[in-house]
Structures are given as structure tokens and as C-alpha cells.
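Peer 1: You'll find coords-v7.pdb just under this line, and it carries PDB, C-alpha atoms.
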```pdb
ATOM      1  CA  MET X  87     151.306 116.438 140.805
ATOM      2  CA  PRO X  88     153.694 118.237 143.117
ATOM      3  CA  ASN X  89     152.565 118.835 146.670
ATOM      4  CA  THR X  90     153.515 122.513 146.996
ATOM      5  CA  SER X  91     152.496 124.343 150.155
ATOM      6  CA  GLN X  92     150.784 127.716 150.070
ATOM      7  CA  GLN X  93     153.860 129.510 151.466
ATOM      8  CA  ASP X  94     156.155 127.913 148.855
ATOM      9  CA  LEU X  95     153.708 128.830 146.094
ATOM     10  CA  LEU X  96     153.521 132.465 147.255
ATOM     11  CA  ALA X  97     157.312 132.705 147.551
ATOM     12  CA  GLY X  98     157.745 131.358 144.014
ATOM     13  CA  LEU X  99     155.092 133.708 142.639
ATOM     14  CA  LYS X 100     156.646 136.682 144.422
ATOM     15  CA  THR X 101     160.023 135.936 142.846
ATOM     16  CA  ARG X 102     158.553 135.425 139.375
ATOM     17  CA  LEU X 103     156.447 138.601 139.532
ATOM     18  CA  GLY X 104     159.420 140.617 140.740
ATOM     19  CA  ALA X 105     161.401 139.366 137.734
ATOM     20  CA  LEU X 106     158.603 140.650 135.470
ATOM     21  CA  GLY X 107     159.014 144.161 136.897
ATOM     22  CA  LEU X 108     156.138 144.311 139.380
ATOM     23  CA  SER X 109     156.463 145.686 142.878
ATOM     24  CA  VAL X 110     154.941 142.880 144.939
ATOM     25  CA  HIS X 111     153.926 142.708 148.585
ATOM     26  CA  GLU X 112     151.962 140.263 150.688
ATOM     27  CA  ASP X 113     148.501 141.173 151.920
ATOM     28  CA  ALA X 114     146.645 139.251 154.621
ATOM     29  CA  LYS X 115     143.366 139.327 152.668
ATOM     30  CA  GLN X 116     144.588 139.126 149.067
ATOM     31  CA  GLY X 117     147.677 136.922 149.324
ATOM     32  CA  LEU X 118     149.925 138.776 146.864
ATOM     33  CA  VAL X 119     149.317 142.226 145.412
ATOM     34  CA  GLY X 120     151.467 143.641 142.605
ATOM     35  CA  GLU X 121     151.671 146.843 140.619
ATOM     36  CA  ALA X 122     153.717 148.264 137.741
ATOM     37  CA  GLN X 123     153.673 151.443 135.640
ATOM     38  CA  PRO X 124     155.000 150.253 132.289
ATOM     39  CA  ILE X 125     153.921 153.386 130.392
ATOM     40  CA  ARG X 126     154.802 156.869 131.660
ATOM     41  CA  SER X 127     155.014 160.151 129.816
ATOM     42  CA  LYS X 128     155.427 163.603 131.283
ATOM     43  CA  TRP X 129     156.015 167.154 130.170
ATOM     44  CA  TRP X 130     155.603 170.620 131.654
ATOM     45  CA  LEU X 131     151.839 170.785 130.973
ATOM     46  CA  GLY X 132     150.812 167.373 132.339
ATOM     47  CA  ALA X 133     151.402 163.652 132.391
ATOM     48  CA  ARG X 134     149.895 160.264 131.533
ATOM     49  CA  THR X 135     150.497 156.873 133.175
ATOM     50  CA  VAL X 136     149.241 153.370 132.504
ATOM     51  CA  THR X 137     149.196 151.186 135.626
ATOM     52  CA  TYR X 138     148.887 147.403 135.791
ATOM     53  CA  ARG X 139     147.560 145.949 139.077
ATOM     54  CA  MET X 140     147.062 142.318 140.040
ATOM     55  CA  SER X 141     146.261 140.159 143.039
ATOM     56  CA  CYS X 142     146.543 136.425 143.783
ATOM     57  CA  ARG X 143     144.541 134.912 146.624
ATOM     58  CA  PRO X 144     145.327 131.255 147.339
ATOM     59  CA  SER X 145     142.875 128.966 149.111
ATOM     60  CA  GLU X 146     144.533 126.031 150.862
ATOM     61  CA  ALA X 147     141.197 124.221 151.316
ATOM     62  CA  ASP X 148     140.581 123.583 147.597
ATOM     63  CA  ARG X 149     144.138 124.414 146.360
ATOM     64  CA  THR X 150     142.870 127.185 144.100
ATOM     65  CA  VAL X 151     144.436 130.561 143.317
ATOM     66  CA  GLN X 152     141.982 133.382 142.573
ATOM     67  CA  PHE X 153     143.638 135.884 140.198
ATOM     68  CA  ARG X 154     142.451 139.417 139.467
ATOM     69  CA  GLU X 155     144.021 142.033 137.218
ATOM     70  CA  ALA X 156     143.285 145.520 135.904
ATOM     71  CA  VAL X 157     144.934 148.034 133.597
ATOM     72  CA  THR X 158     144.109 151.680 134.268
ATOM     73  CA  GLU X 159     145.165 154.871 132.556
ATOM     74  CA  SER X 160     145.298 158.210 134.331
ATOM     75  CA  SER X 161     146.385 161.688 133.353
ATOM     76  CA  TRP X 162     146.582 165.171 134.781
ATOM     77  CA  GLY X 163     146.762 168.538 133.088
ATOM     78  CA  LEU X 164     147.316 168.390 129.358
ATOM     79  CA  PRO X 165     148.995 165.031 128.652
ATOM     80  CA  PRO X 166     151.835 165.040 126.124
ATOM     81  CA  PRO X 167     151.002 164.201 122.519
ATOM     82  CA  THR X 168     151.371 160.447 122.193
ATOM     83  CA  VAL X 169     151.460 157.935 119.373
ATOM     84  CA  THR X 170     149.802 154.734 120.575
ATOM     85  CA  VAL X 171     149.922 151.394 118.787
ATOM     86  CA  GLU X 172     147.650 148.799 120.357
ATOM     87  CA  LYS X 173     146.812 145.288 119.208
ATOM     88  CA  THR X 174     144.446 143.385 121.477
ATOM     89  CA  ARG X 175     142.289 140.293 121.553
ATOM     90  CA  VAL X 176     139.548 139.634 124.089
ATOM     91  CA  SER X 177     138.262 136.158 124.840
ATOM     92  CA  GLY X 178     135.825 136.141 127.740
ATOM     93  CA  TRP X 179     137.602 138.076 130.489
ATOM     94  CA  LYS X 180     141.072 137.412 129.081
ATOM     95  CA  LEU X 181     142.676 140.416 127.413
ATOM     96  CA  SER X 182     145.730 139.613 125.315
ATOM     97  CA  GLY X 183     147.969 141.749 123.149
ATOM     98  CA  GLU X 184     150.300 144.705 123.468
ATOM     99  CA  ARG X 185     150.209 148.458 123.716
ATOM    100  CA  SER X 186     153.129 150.752 122.918
ATOM    101  CA  ASP X 187     153.172 154.501 123.550
ATOM    102  CA  VAL X 188     155.767 156.943 122.242
ATOM    103  CA  SER X 189     155.765 160.601 123.233
ATOM    104  CA  PRO X 190     158.279 163.435 123.660
ATOM    105  CA  GLY X 191     158.093 162.965 127.430
ATOM    106  CA  GLY X 192     158.499 159.189 127.656
ATOM    107  CA  GLY X 193     156.425 156.176 126.754
ATOM    108  CA  GLY X 194     156.629 152.437 127.226
ATOM    109  CA  THR X 195     155.126 149.076 126.348
ATOM    110  CA  ILE X 196     152.733 146.739 128.131
ATOM    111  CA  ASP X 197     151.961 143.117 127.304
ATOM    112  CA  TYR X 198     148.488 142.510 128.696
ATOM    113  CA  ALA X 199     148.760 138.724 129.127
ATOM    114  CA  GLN X 200     152.388 138.378 130.264
ATOM    115  CA  VAL X 201     151.767 138.422 134.028
ATOM    116  CA  ARG X 202     148.581 136.356 133.901
ATOM    117  CA  ASP X 203     150.240 133.659 131.780
ATOM    118  CA  ALA X 204     153.293 133.527 134.071
ATOM    119  CA  VAL X 205     151.115 133.169 137.177
ATOM    120  CA  GLU X 206     148.946 130.525 135.528
ATOM    121  CA  GLN X 207     152.014 128.486 134.518
ATOM    122  CA  ALA X 208     153.534 128.684 138.003
ATOM    123  CA  VAL X 209     150.256 127.781 139.710
ATOM    124  CA  THR X 210     149.506 124.783 137.498
ATOM    125  CA  ALA X 211     153.137 123.570 137.729
ATOM    126  CA  ALA X 212     152.772 123.608 141.528
ATOM    127  CA  GLY X 213     149.678 121.398 141.290
ATOM    128  CA  TRP X 214     147.187 124.122 142.152
ATOM    129  CA  THR X 215     144.153 125.299 140.152
ATOM    130  CA  PHE X 216     144.229 128.742 138.527
ATOM    131  CA  HIS X 217     140.968 130.745 138.425
ATOM    132  CA  LEU X 218     140.683 134.130 136.705
ATOM    133  CA  GLN X 219     138.137 136.391 138.396
ATOM    134  CA  GLY X 220     137.146 138.710 135.578
ATOM    135  CA  GLY X 221     135.330 141.978 136.087
ATOM    136  CA  ARG X 222     136.666 142.553 139.601
ATOM    137  CA  LEU X 223     139.381 144.963 140.605
ATOM    138  CA  PRO X 224     142.394 143.596 142.485
TER     139      PRO X 224
END
```
Let me see the structure of the file written as C-alpha cells.

Peer 2:
Amino acid sequence: MPNTSQQDLLAGLKTRLGALGLSVHEDAKQGLVGEAQPIRSKWWLGARTVTYRMSCRPSEADRTVQFREAVTESSWGLPPPTVTVEKTRVSGWKLSGERSDVSPGGGGTIDYAQVRDAVEQAVTAAGWTFHLQGGRLP
């Protein structure tokens, strides 16, 4: 097992999450916090956005990374008419699958498990333990 320090782990995660399209910053309490808006649609009567948020909190004492994630949808006014195709699978707290939205004012696609799987692979490759904290907001 590699002996990766906490700072090296966070630097590697920050790079990997940035490559996945998340805006990532370090937080003293949470470790890393990231956010992305993969689905956006807007027109003159309103708008709709889907936001993905995550946080990673490493613990040097037991070499564990606590991971939290949430997907939220918000809208204002009268959102544009949207065609949504969603295929999901839930196993415990793990949500997997994709969602694609198409509308006259935009759209987008989100892969629910992409970020979680990338973080889990990086954490386990560094010799740390990955722990998903389900049911808690990042």
C-alpha cells in the first residue's frame, strides 16, 4: 500500500475533480468541497438548474476519507418545457445512472456515480479507506 500523505491525497483529488468539471476549493472543516451545474435551461419566463455538490473530509488518524454528495434541482418562474430521460439504480445510499435534459433553453447530462467512483478509486489507490456518508448533505 502506498504511504500517501493527506496533503498529497487532497492535491490529487482536487486535480481529478477539476478534470471532471467541478469547481473545487479547500475548506478547513470539510477538506474539499466541489460543485457543478451540469444541467441548465433558461428562457424568458424562468429557469431550471440541477446542481451536484460533494465534500471529502480526510482523517489522518485512521486514514479514512468521509465522502458526501447531493444532487438538487431548483427552478424559478415558469421553467422551460423539458424532455427528461433518466435511468437510475439505487443500492443502499449509492445512486447510479444518468439523467439527460433537453429543452429550448438549454439542457445537459449528469452521471450520478461518476464523481463518487473517481474519488473512491483515487482514495483506495492512495492506500486510504473510502467511506460514503449517505443521507447527509455536503

Peer 1: Mind checking which residues fall within 9 Å of Gly221 in chain X, counting all atoms listed in the file, ignoring those fewer than 3 positions away in the same chain, and posting them as a PyMOL selection string?

Peer 2: chain X and resi 154-156+179

Peer 1: Select from range 147-206 of chain X every residue with an atom at most 9 Å from any atom of range 136-140 of chain X, then for each give the shortest pair of atoms and their distance in Å to one decimal, using only C-alpha atoms, rows by chain and rising number, as CSV.

Peer 2:
```
residue,atom,partner,partner_atom,distance
X:Phe153,CA,X:Met140,CA,7.3
X:Arg154,CA,X:Met140,CA,5.5
X:Glu155,CA,X:Met140,CA,4.2
X:Ala156,CA,X:Arg139,CA,5.3
X:Val157,CA,X:Tyr138,CA,4.6
X:Thr158,CA,X:Thr137,CA,5.3
X:Glu159,CA,X:Val136,CA,4.3
X:Ser160,CA,X:Val136,CA,6.5
X:Ser161,CA,X:Val136,CA,8.8
X:Ile196,CA,X:Tyr138,CA,8.6
X:Tyr198,CA,X:Tyr138,CA,8.6
X:Val201,CA,X:Met140,CA,8.6
X:Arg202,CA,X:Met140,CA,8.7
```

Peer 1: Counting all atoms listed in the file, figure out which residue out of X:Val188, X:Cys142, X:Ala199, X:Ala122 gets nearest to Val176 in chain X.

Peer 2: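 Checking each candidate against Val176 in chain X, we get X:Ala199 as the closest.
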
Peer 1: Expanded to explicit residues, what is the PyMOL selection byres ((chain X and resi 95) around 12) for this file, as a VMD selection string?

Peer 2: chain X and resid 88 to 94 96 to 102 117 to 118 142 to 146 149 to 151 205 to 215

Peer 1: Got a sec to resolve the PyMOL selection byres ((chain X and resi 128) around 8) on this structure and send the residues as number ranges by chain?

Peer 2: X: 126-127, 129-130, 132-134, 165-166, 191-192

Peer 1: Please determine, counting only C-alpha atoms, which residue among X:Pro224, X:His217, X:Lys173, X:Ser189 has the shortest atom-to-atom distance to Gly120 in chain X.

Peer 2: X:Pro224

Peer 1: Can you tell me how far CA of Glu184 in chain X sits from CA of Val110 in chain X, in Å to one decimal?

Peer 2: 22.0 Å

Peer 1: Please compute the CA of Gln123 in chain X-CA of Thr135 in chain X distance, one decimal, in Å.

Peer 2: 6.8 Å

Peer 1: Work out how far CA of Leu103 in chain X is from CA of Gln200 in chain X, in Å to one decimal.

Peer 2: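 Between these atoms lies a distance of 10.1 Å.
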
Peer 1: Can you translate the PyMOL selection byres ((chain X and resi 186) around 8) into the concrete residues it hits in this file, as a list in words?

Peer 2: Ile125, Thr170, Val171, Glu172, Glu184, Arg185, Asp187, Val188, Gly193, Gly194, Thr195 and Ile196 of chain X
